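For reference, the structure discussed in these notes is given below.
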Amino acid sequence: MAGMTLEQLKIFLAVAQNLHFTRAAEELYITQPAVSAAIHNLEQEYGVKLFHRIGRHIEIAEAGKLLQVEAQKILDQVSLTERGLRELNNLQRGELKLGSSLTIGNYWLPSKISDFKSQYPGIQIDCTLANAETICVGTAMGQFDLGLVEGDVKPALQNTLEYEIVASDRLQIVVGQKHPWFEWGEIDLSQLTQTPWVMRVRESGTQQRFEEALQNWGINLSELNVILVFTSGEMAKAAIENGVGATGISELMVKKEIQLGTLRAIRVIDNREGNGAMPKAERLVEKAGYAYAEIVRPFFKIKHRQRFQTAISKVFEQMLISSMLDDSHQHVSKSVI
């Protein structure tokens with residue numbers, strides 16, 4: 001028996017994913033007869049039907065479904081092995097696959113990647129940006145070596161993913177110049193229900209954290225007048241900069257606009273009785289005799305609990321942890337000063 005080859009498995013997977021011989025050939029940059037021959041040889045070698053030919057269409061057979069699962073595992077393992085071998089050169093070459101939620105990926109992560117690339121210029125870094133839920137699922141499925149999210153890891157994935165805080169961020173309630181709060185600078189908690197709101201989609205880590213804060217403040221999301229919902233923080237920022245609504249957004253995203261005076265962060269006075277029981281993440285800051293409510297959220301580094309971790313991934317992970325410790329030390333030093 002000649003046995004199957006990796007090339008045959010790659011061709012088979014392309015056909016299984018496209019359910020079309022010609023499209024598979026185009027995807028792999030080979031001829032259609034070469035695709036047909038590879039599938040035919042596999043079927044002949046093992047005496048099974050991988051696909052049912054129905055007129056001009058094909059459907060994957062039971063044997064094909066089995067092979068699709070196992071072939072993907074084989075090729076994934078081969079890819080990891082190749083990456084491991086390439087790393088046996090003191091990290092002069094190799095690849096790091098990152099997945100990041102949008103706020104982290106656009107505002108916090110670039111400087112970390114830049115620092116890493118300055119030390120290991122031969123390492124290729126592929127970073128995918130998506131909402132927190134998508135990054136968590138992708139990390140669980142092995143699409144990313146490491147994930148970085150500001151939203152919570154869902155209970156269904158907590159046994160699969162290992163997660164650790166590597167930084168923190170504040171969410172701020174922000175308004176544009178046309179909003180009456182812009183002149184005030186601060187409001188009571190009870191006034192949060194008295195303005196239109198621009199929100200992010202529910203899958204967003206920012207939105208999840210903001211809704212948790214509202215609940216801890218005793219405010220139900222249904223009490224707010226939500227006029228717009230966007231998939232990105234940039235869209236929400238643009239909407240309030242040109243309109244009359246308010247939004248809850250990362251301070252990383254609006255630092256420049258606040259400095260320029262086109263947006264203003266609004267402090268929220270917690271005037272409830274017994275507010276000392278507020279969770280840490282919605283901590284109280286005593287200023288001028290008032291208790292201001294702040295929304296603090298963690299940035300999580302996530303990885304698969306059992307999948308093989310490359311040396312490059314371990315080094316980048318350690319760099320993030322060291323960076324967090326350095327930031328914490330600097331914060332303490334500034335506080336002492």
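All residue names refer to the structure tokens as shown: chains lettered A, B, ... in order, residues numbered from 1 in each chain, ligands numbered from 1 in order.
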For this session: Once DSSP has gone over the backbone, tell me which residues of stretch 118-201 of chain A are in strand (DSSP E or B), as a PyMOL selection string.
Result: chain A and resi 123-130+146-149+161-176+186-188+196-200
Can I get the selection written as a compact mmCIF listing (two decimals), in the first residue's frame, with N, CA, C and O atoms?
# COMPACT_ATOMS: atom_id res chain seq x y z
N ILE A 123 10.68 37.32 13.62
CA ILE A 123 9.42 36.65 13.94
C ILE A 123 8.26 37.35 13.22
O ILE A 123 8.11 38.57 13.32
N GLN A 124 7.47 36.57 12.51
CA GLN A 124 6.27 37.11 11.85
C GLN A 124 5.10 37.05 12.83
O GLN A 124 4.84 36.00 13.42
N ILE A 125 4.41 38.16 12.99
CA ILE A 125 3.26 38.22 13.91
C ILE A 125 1.99 38.46 13.09
O ILE A 125 1.87 39.46 12.40
N ASP A 126 1.06 37.53 13.18
CA ASP A 126 -0.25 37.66 12.56
C ASP A 126 -1.26 37.94 13.65
O ASP A 126 -1.44 37.12 14.57
N CYS A 127 -1.92 39.10 13.59
CA CYS A 127 -2.88 39.48 14.63
C CYS A 127 -4.25 39.70 14.02
O CYS A 127 -4.41 40.52 13.11
N THR A 128 -5.23 38.98 14.52
CA THR A 128 -6.62 39.09 14.06
C THR A 128 -7.43 39.87 15.09
O THR A 128 -7.36 39.58 16.29
N LEU A 129 -8.18 40.87 14.63
CA LEU A 129 -9.02 41.67 15.51
C LEU A 129 -10.48 41.28 15.33
O LEU A 129 -10.96 41.15 14.20
N ALA A 130 -11.17 41.09 16.44
CA ALA A 130 -12.60 40.74 16.40
C ALA A 130 -13.17 41.03 17.78
O ALA A 130 -12.45 41.46 18.69
N LEU A 146 -2.26 32.90 21.32
CA LEU A 146 -2.70 33.66 22.49
C LEU A 146 -3.85 34.57 22.09
O LEU A 146 -3.88 35.07 20.96
N GLY A 147 -4.76 34.79 23.01
CA GLY A 147 -5.83 35.75 22.79
C GLY A 147 -5.75 36.85 23.84
O GLY A 147 -5.26 36.62 24.95
N LEU A 148 -6.23 38.02 23.50
CA LEU A 148 -6.26 39.15 24.44
C LEU A 148 -7.64 39.77 24.36
O LEU A 148 -8.07 40.24 23.29
N VAL A 149 -8.36 39.76 25.48
CA VAL A 149 -9.74 40.24 25.48
C VAL A 149 -10.01 41.07 26.73
O VAL A 149 -9.38 40.87 27.77
N LEU A 161 -10.03 27.20 28.33
CA LEU A 161 -9.10 28.32 28.25
C LEU A 161 -8.53 28.69 29.62
O LEU A 161 -9.25 28.72 30.61
N GLU A 162 -7.25 28.96 29.62
CA GLU A 162 -6.58 29.50 30.80
C GLU A 162 -6.48 31.00 30.61
O GLU A 162 -6.10 31.47 29.54
N TYR A 163 -6.84 31.78 31.61
CA TYR A 163 -6.84 33.22 31.45
C TYR A 163 -6.19 33.91 32.65
O TYR A 163 -6.23 33.43 33.77
N GLU A 164 -5.55 35.06 32.36
CA GLU A 164 -4.77 35.77 33.35
C GLU A 164 -4.80 37.26 33.02
O GLU A 164 -4.73 37.65 31.85
N ILE A 165 -4.91 38.09 34.03
CA ILE A 165 -4.93 39.55 33.83
C ILE A 165 -3.52 40.03 33.49
O ILE A 165 -2.56 39.70 34.19
N VAL A 166 -3.40 40.82 32.42
CA VAL A 166 -2.10 41.38 32.04
C VAL A 166 -2.12 42.92 32.01
O VAL A 166 -1.07 43.53 31.84
N ALA A 167 -3.27 43.52 32.20
CA ALA A 167 -3.37 44.98 32.22
C ALA A 167 -4.78 45.35 32.68
O ALA A 167 -5.63 44.47 32.88
N SER A 168 -5.02 46.62 32.82
CA SER A 168 -6.37 47.09 33.17
C SER A 168 -6.65 48.40 32.45
O SER A 168 -5.73 49.07 31.96
N ASP A 169 -7.91 48.74 32.41
CA ASP A 169 -8.36 49.90 31.65
C ASP A 169 -9.56 50.48 32.38
O ASP A 169 -10.24 49.79 33.14
N ARG A 170 -9.82 51.75 32.17
CA ARG A 170 -11.02 52.37 32.71
C ARG A 170 -12.01 52.64 31.59
O ARG A 170 -11.63 53.06 30.51
N LEU A 171 -13.27 52.41 31.88
CA LEU A 171 -14.33 52.86 30.99
C LEU A 171 -14.81 54.22 31.49
O LEU A 171 -14.99 54.41 32.69
N GLN A 172 -14.99 55.13 30.57
CA GLN A 172 -15.46 56.45 30.93
C GLN A 172 -16.77 56.76 30.22
O GLN A 172 -16.98 56.32 29.09
N ILE A 173 -17.62 57.47 30.89
CA ILE A 173 -18.84 57.98 30.26
C ILE A 173 -18.47 59.30 29.60
O ILE A 173 -17.97 60.22 30.25
N VAL A 174 -18.68 59.36 28.28
CA VAL A 174 -18.17 60.48 27.49
C VAL A 174 -19.29 61.11 26.68
O VAL A 174 -20.18 60.41 26.18
N VAL A 175 -19.23 62.43 26.53
CA VAL A 175 -20.21 63.16 25.71
C VAL A 175 -19.47 64.17 24.83
O VAL A 175 -18.32 64.53 25.09
N GLY A 176 -20.16 64.61 23.77
CA GLY A 176 -19.62 65.62 22.87
C GLY A 176 -20.01 67.03 23.30
O GLY A 176 -20.76 67.21 24.27
N GLU A 186 -19.91 66.63 35.63
CA GLU A 186 -20.27 65.53 36.54
C GLU A 186 -21.79 65.47 36.69
O GLU A 186 -22.48 66.47 36.52
N ILE A 187 -22.26 64.26 37.01
CA ILE A 187 -23.69 64.02 37.18
C ILE A 187 -23.89 63.04 38.33
O ILE A 187 -22.95 62.39 38.79
N ASP A 188 -25.14 62.93 38.79
CA ASP A 188 -25.51 61.89 39.75
C ASP A 188 -25.84 60.60 39.00
O ASP A 188 -26.22 60.63 37.83
N PRO A 196 -30.05 60.22 25.83
CA PRO A 196 -29.91 59.15 24.83
C PRO A 196 -28.53 58.51 24.96
O PRO A 196 -27.55 59.16 25.32
N TRP A 197 -28.46 57.21 24.60
CA TRP A 197 -27.20 56.46 24.71
C TRP A 197 -26.81 55.83 23.38
O TRP A 197 -27.66 55.36 22.62
N VAL A 198 -25.51 55.82 23.12
CA VAL A 198 -24.93 55.10 21.99
C VAL A 198 -24.18 53.91 22.58
O VAL A 198 -23.31 54.09 23.45
N MET A 199 -24.51 52.71 22.13
CA MET A 199 -23.96 51.49 22.74
C MET A 199 -23.18 50.66 21.71
O MET A 199 -23.28 50.86 20.50
N ARG A 200 -22.43 49.70 22.22
CA ARG A 200 -21.77 48.68 21.42
C ARG A 200 -22.66 47.44 21.39
O ARG A 200 -23.56 47.26 22.22
Would you pick out the contacts of A:Glu133 at 12 Å or less, using only C-alpha atoms, so that residues sharing its chain but fewer than 2 positions from it are not included, and give the list as a short mmCIF file (atom, residue, chain, number, x, y, z; two decimals) with all heavy atoms, in the first residue's frame?
data_model
loop_
_atom_site.label_atom_id
_atom_site.label_comp_id
_atom_site.auth_asym_id
_atom_site.auth_seq_id
_atom_site.Cartn_x
_atom_site.Cartn_y
_atom_site.Cartn_z
N GLY A 99 -4.86 36.74 18.63
CA GLY A 99 -6.23 37.19 18.43
C GLY A 99 -6.52 38.24 19.48
O GLY A 99 -6.20 38.04 20.66
N SER A 100 -7.08 39.36 19.10
CA SER A 100 -7.31 40.44 20.05
C SER A 100 -8.67 41.08 19.85
O SER A 100 -9.11 41.28 18.72
CB SER A 100 -6.22 41.51 19.91
OG SER A 100 -6.50 42.62 20.73
N SER A 101 -9.32 41.41 20.96
CA SER A 101 -10.54 42.19 20.85
C SER A 101 -10.18 43.61 20.40
O SER A 101 -9.03 44.03 20.47
CB SER A 101 -11.30 42.21 22.19
OG SER A 101 -10.45 42.58 23.24
N LEU A 102 -11.15 44.34 19.92
CA LEU A 102 -10.90 45.54 19.14
C LEU A 102 -10.18 46.65 19.90
O LEU A 102 -9.21 47.22 19.41
CB LEU A 102 -12.21 46.06 18.57
CG LEU A 102 -12.95 45.08 17.65
CD1 LEU A 102 -14.32 45.62 17.28
CD2 LEU A 102 -12.14 44.82 16.39
N LEU A 129 -8.18 40.87 14.63
CA LEU A 129 -9.02 41.67 15.51
C LEU A 129 -10.48 41.28 15.33
O LEU A 129 -10.96 41.15 14.20
CB LEU A 129 -8.85 43.17 15.23
CG LEU A 129 -7.45 43.76 15.35
CD1 LEU A 129 -7.53 45.29 15.22
CD2 LEU A 129 -6.80 43.38 16.66
N ALA A 130 -11.17 41.09 16.44
CA ALA A 130 -12.60 40.74 16.40
C ALA A 130 -13.17 41.03 17.78
O ALA A 130 -12.45 41.46 18.69
CB ALA A 130 -12.80 39.28 16.01
N ASN A 131 -14.48 40.79 17.97
CA ASN A 131 -15.04 41.01 19.30
C ASN A 131 -14.54 39.93 20.26
O ASN A 131 -14.00 38.90 19.86
CB ASN A 131 -16.58 41.07 19.26
CG ASN A 131 -17.21 39.79 18.76
OD1 ASN A 131 -16.90 38.70 19.23
ND2 ASN A 131 -18.11 39.91 17.80
N ILE A 135 -12.81 36.00 19.66
CA ILE A 135 -11.42 35.70 20.01
C ILE A 135 -11.36 34.52 20.99
O ILE A 135 -10.49 33.65 20.87
CB ILE A 135 -10.73 36.93 20.61
CG1 ILE A 135 -10.69 38.06 19.57
CG2 ILE A 135 -9.33 36.59 21.09
CD1 ILE A 135 -10.00 37.70 18.26
N CYS A 136 -12.27 34.48 21.94
CA CYS A 136 -12.30 33.36 22.90
C CYS A 136 -12.56 32.04 22.17
O CYS A 136 -11.87 31.04 22.42
CB CYS A 136 -13.37 33.60 23.96
SG CYS A 136 -12.94 34.87 25.18
N VAL A 137 -13.54 32.03 21.29
CA VAL A 137 -13.86 30.81 20.55
C VAL A 137 -12.69 30.42 19.64
O VAL A 137 -12.32 29.24 19.55
CB VAL A 137 -15.15 31.01 19.71
CG1 VAL A 137 -15.38 29.82 18.79
CG2 VAL A 137 -16.36 31.20 20.64
N GLY A 138 -12.09 31.39 18.97
CA GLY A 138 -10.96 31.11 18.09
C GLY A 138 -9.77 30.54 18.84
O GLY A 138 -9.09 29.64 18.35
N THR A 139 -9.51 31.05 20.04
CA THR A 139 -8.41 30.53 20.85
C THR A 139 -8.71 29.10 21.30
O THR A 139 -7.83 28.24 21.30
CB THR A 139 -8.17 31.43 22.08
OG1 THR A 139 -7.98 32.78 21.65
CG2 THR A 139 -6.94 30.98 22.86
N ALA A 140 -9.96 28.84 21.65
CA ALA A 140 -10.35 27.48 22.04
C ALA A 140 -10.20 26.50 20.89
O ALA A 140 -9.90 25.32 21.09
CB ALA A 140 -11.79 27.49 22.56
N GLY A 147 -4.76 34.79 23.01
CA GLY A 147 -5.83 35.75 22.79
C GLY A 147 -5.75 36.85 23.84
O GLY A 147 -5.26 36.62 24.95
N LEU A 148 -6.23 38.02 23.50
CA LEU A 148 -6.26 39.15 24.44
C LEU A 148 -7.64 39.77 24.36
O LEU A 148 -8.07 40.24 23.29
CB LEU A 148 -5.18 40.17 24.08
CG LEU A 148 -3.76 39.65 24.32
CD1 LEU A 148 -2.77 40.32 23.38
CD2 LEU A 148 -3.35 39.86 25.77
N VAL A 149 -8.36 39.76 25.48
CA VAL A 149 -9.74 40.24 25.48
C VAL A 149 -10.01 41.07 26.73
O VAL A 149 -9.38 40.87 27.77
CB VAL A 149 -10.75 39.06 25.43
CG1 VAL A 149 -10.61 38.29 24.14
CG2 VAL A 149 -10.58 38.13 26.62
N GLU A 150 -10.95 42.00 26.61
CA GLU A 150 -11.36 42.77 27.78
C GLU A 150 -12.69 42.28 28.34
O GLU A 150 -13.12 42.74 29.38
CB GLU A 150 -11.44 44.26 27.46
CG GLU A 150 -12.52 44.67 26.47
CD GLU A 150 -11.98 44.77 25.05
OE1 GLU A 150 -10.91 44.20 24.79
OE2 GLU A 150 -12.65 45.41 24.21
N GLY A 151 -13.33 41.35 27.66
CA GLY A 151 -14.58 40.78 28.16
C GLY A 151 -14.31 39.52 28.97
O GLY A 151 -13.22 38.96 28.93
N ASP A 152 -15.29 39.09 29.72
CA ASP A 152 -15.15 37.87 30.51
C ASP A 152 -15.14 36.65 29.61
O ASP A 152 -15.78 36.63 28.56
CB ASP A 152 -16.29 37.75 31.53
CG ASP A 152 -16.21 38.85 32.59
OD1 ASP A 152 -15.08 39.30 32.87
OD2 ASP A 152 -17.26 39.22 33.14
N VAL A 153 -14.44 35.61 30.06
CA VAL A 153 -14.48 34.32 29.38
C VAL A 153 -15.74 33.59 29.82
O VAL A 153 -15.98 33.43 31.01
CB VAL A 153 -13.23 33.48 29.73
CG1 VAL A 153 -13.30 32.11 29.06
CG2 VAL A 153 -11.96 34.20 29.31
N LYS A 154 -16.55 33.19 28.86
CA LYS A 154 -17.82 32.55 29.19
C LYS A 154 -17.59 31.24 29.95
O LYS A 154 -16.61 30.54 29.69
CB LYS A 154 -18.63 32.30 27.92
CG LYS A 154 -19.18 33.58 27.30
CD LYS A 154 -20.17 33.27 26.21
CE LYS A 154 -20.84 34.55 25.71
NZ LYS A 154 -21.85 34.29 24.68
N PRO A 155 -18.50 30.89 30.87
CA PRO A 155 -18.34 29.66 31.65
C PRO A 155 -18.12 28.41 30.80
O PRO A 155 -17.35 27.53 31.18
CB PRO A 155 -19.67 29.57 32.43
CG PRO A 155 -20.10 31.00 32.57
CD PRO A 155 -19.68 31.67 31.30
N ALA A 156 -18.76 28.34 29.63
CA ALA A 156 -18.63 27.16 28.78
C ALA A 156 -17.21 26.95 28.28
O ALA A 156 -16.83 25.84 27.89
CB ALA A 156 -19.59 27.27 27.59
N LEU A 157 -16.39 28.03 28.25
CA LEU A 157 -15.03 27.93 27.75
C LEU A 157 -13.97 27.96 28.84
O LEU A 157 -12.78 27.82 28.57
CB LEU A 157 -14.75 29.08 26.76
CG LEU A 157 -15.51 29.05 25.44
CD1 LEU A 157 -15.22 30.32 24.65
CD2 LEU A 157 -15.14 27.82 24.62
N VAL A 201 -22.38 46.51 20.46
CA VAL A 201 -23.13 45.26 20.40
C VAL A 201 -22.85 44.42 21.64
O VAL A 201 -21.82 44.58 22.30
CB VAL A 201 -22.76 44.47 19.12
CG1 VAL A 201 -23.25 45.18 17.88
CG2 VAL A 201 -21.26 44.22 19.05
N ARG A 202 -23.76 43.50 21.95
CA ARG A 202 -23.66 42.72 23.18
C ARG A 202 -22.41 41.84 23.24
O ARG A 202 -21.93 41.51 24.33
CB ARG A 202 -24.90 41.84 23.35
CG ARG A 202 -26.21 42.57 23.45
CD ARG A 202 -26.28 43.42 24.70
NE ARG A 202 -26.27 42.67 25.93
CZ ARG A 202 -27.37 42.19 26.53
NH1 ARG A 202 -28.56 42.40 25.98
NH2 ARG A 202 -27.30 41.54 27.65
N GLU A 203 -21.87 41.45 22.08
CA GLU A 203 -20.67 40.60 22.05
C GLU A 203 -19.40 41.37 22.41
O GLU A 203 -18.36 40.77 22.66
CB GLU A 203 -20.50 39.96 20.67
CG GLU A 203 -21.59 38.99 20.27
CD GLU A 203 -22.83 39.69 19.72
OE1 GLU A 203 -22.79 40.93 19.54
OE2 GLU A 203 -23.84 38.99 19.49
N SER A 204 -19.48 42.67 22.44
CA SER A 204 -18.32 43.51 22.73
C SER A 204 -17.95 43.41 24.21
O SER A 204 -18.81 43.49 25.09
CB SER A 204 -18.63 44.96 22.37
OG SER A 204 -17.79 45.86 23.07
N GLY A 205 -16.64 43.26 24.48
CA GLY A 205 -16.18 43.24 25.87
C GLY A 205 -16.48 44.55 26.58
O GLY A 205 -16.81 44.56 27.77
N THR A 206 -16.36 45.66 25.87
CA THR A 206 -16.68 46.97 26.44
C THR A 206 -18.13 47.03 26.87
O THR A 206 -18.45 47.48 27.98
CB THR A 206 -16.40 48.09 25.41
OG1 THR A 206 -15.01 48.10 25.10
CG2 THR A 206 -16.81 49.45 25.95
N GLN A 207 -19.02 46.56 26.01
CA GLN A 207 -20.44 46.59 26.33
C GLN A 207 -20.77 45.69 27.51
O GLN A 207 -21.55 46.05 28.39
CB GLN A 207 -21.27 46.19 25.11
CG GLN A 207 -22.77 46.28 25.30
CD GLN A 207 -23.27 47.69 25.55
OE1 GLN A 207 -22.58 48.67 25.24
NE2 GLN A 207 -24.45 47.83 26.11
N GLN A 208 -20.16 44.50 27.53
CA GLN A 208 -20.40 43.57 28.64
C GLN A 208 -20.01 44.21 29.97
O GLN A 208 -20.74 44.12 30.96
CB GLN A 208 -19.61 42.28 28.42
CG GLN A 208 -20.10 41.44 27.25
CD GLN A 208 -19.14 40.31 26.92
OE1 GLN A 208 -18.21 40.01 27.65
NE2 GLN A 208 -19.35 39.68 25.77
N ILE A 302 -5.45 35.02 27.20
CA ILE A 302 -6.04 33.69 27.24
C ILE A 302 -5.25 32.75 26.32
O ILE A 302 -4.66 33.16 25.33
CB ILE A 302 -7.53 33.71 26.80
CG1 ILE A 302 -7.67 34.29 25.38
CG2 ILE A 302 -8.36 34.49 27.79
CD1 ILE A 302 -9.10 34.24 24.85
#
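In terms of minimum interatomic distance to A:Val69, A:Phe12 ranks closest within A:Phe21, A:Phe12, A:Phe210, A:Phe144, counting only C-alpha atoms.
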Sorted per-residue table, stretch 32-102 of chain A near stretch 303-319 of chain A, closest atoms and distance, 12 Å, only C-alpha atoms, as a Markdown table:
| residue | atom | partner | partner_atom | distance |
| --- | --- | --- | --- | --- |
| A:Lys73 | CA | A:Arg307 | CA | 11.9 |
| A:Asp76 | CA | A:Phe308 | CA | 10.9 |
| A:Gln77 | CA | A:Phe308 | CA | 9.2 |
| A:Val78 | CA | A:Phe308 | CA | 11.9 |
| A:Ser79 | CA | A:Thr310 | CA | 11.3 |
| A:Leu80 | CA | A:Phe308 | CA | 7.8 |
| A:Thr81 | CA | A:Thr310 | CA | 9.4 |
| A:Glu82 | CA | A:Thr310 | CA | 10.6 |
| A:Arg83 | CA | A:Thr310 | CA | 7.6 |
| A:Gly84 | CA | A:Thr310 | CA | 6.3 |
| A:Leu85 | CA | A:Thr310 | CA | 9.9 |
| A:Arg86 | CA | A:Ala311 | CA | 10.2 |
| A:Glu87 | CA | A:Ala311 | CA | 6.9 |
| A:Leu88 | CA | A:Ala311 | CA | 9.0 |
| A:Asn89 | CA | A:Ala311 | CA | 10.8 |
| A:Asn90 | CA | A:Ala311 | CA | 9.5 |
| A:Leu91 | CA | A:Ile312 | CA | 6.9 |
| A:Gln92 | CA | A:Ile312 | CA | 10.0 |
| A:Arg93 | CA | A:Ile312 | CA | 9.4 |
| A:Gly94 | CA | A:Ile312 | CA | 7.4 |
| A:Glu95 | CA | A:Ile312 | CA | 7.4 |
| A:Leu96 | CA | A:Ser313 | CA | 6.3 |
| A:Lys97 | CA | A:Ser313 | CA | 8.2 |
| A:Leu98 | CA | A:Ser313 | CA | 9.1 |
| A:Gly99 | CA | A:Lys303 | CA | 10.2 |
| A:Ser100 | CA | A:Lys303 | CA | 11.9 |
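Close contacts of A:Ala37, defined as residues with an atom at most 12 Å away when counting only C-alpha atoms, with chain neighbours fewer than 6 positions off set aside, comprise Glu7, Gln8, Ile11, Phe12, Phe21, Ala25, Ile30, Thr31, Glu43, Gln44 and Glu45 of chain A.
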Problem set entry | Between atom CA of A:Thr193 and atom CA of A:Leu252, distance in Å (one decimal) |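 Straight-line distance from atom CA of A:Thr193 to atom CA of A:Leu252 works out to 24.9 Å.
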Problem set entry | Using only C-alpha atoms: which of A:Ala265, A:Ala132, A:Met324, A:Thr103 has the shortest distance to A:Glu234 |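 Under the stated criterion, the closest residue is A:Thr103.
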For this session: Would you mind writing down, as number ranges by chain, each residue of stretch 39-117 of chain A that DSSP on the backbone assigns to alpha helix (DSSP H)?
Result: A: 39-46, 62-86, 102-103, 109-117
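The two atoms in question, atom CA of A:His57 and atom CA of A:Ala71, are spaced 22.5 Å apart.
The interatomic distance for the pair atom CA of A:Asp270 and atom CA of A:Ser232 works out to 28.6 Å.
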Problem set entry | For A:Ser250, the nearest of the candidates A:Leu192, A:Ala63, A:Ile219, A:Val296, counting only C-alpha atoms |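 Nearest to A:Ser250: A:Val296.
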Problem set entry | Using only C-alpha atoms: which of A:Leu28, A:Leu189, A:Met253, A:Val244 has the shortest distance to A:Ile104 |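 For A:Ile104, the nearest of the given residues is A:Met253.
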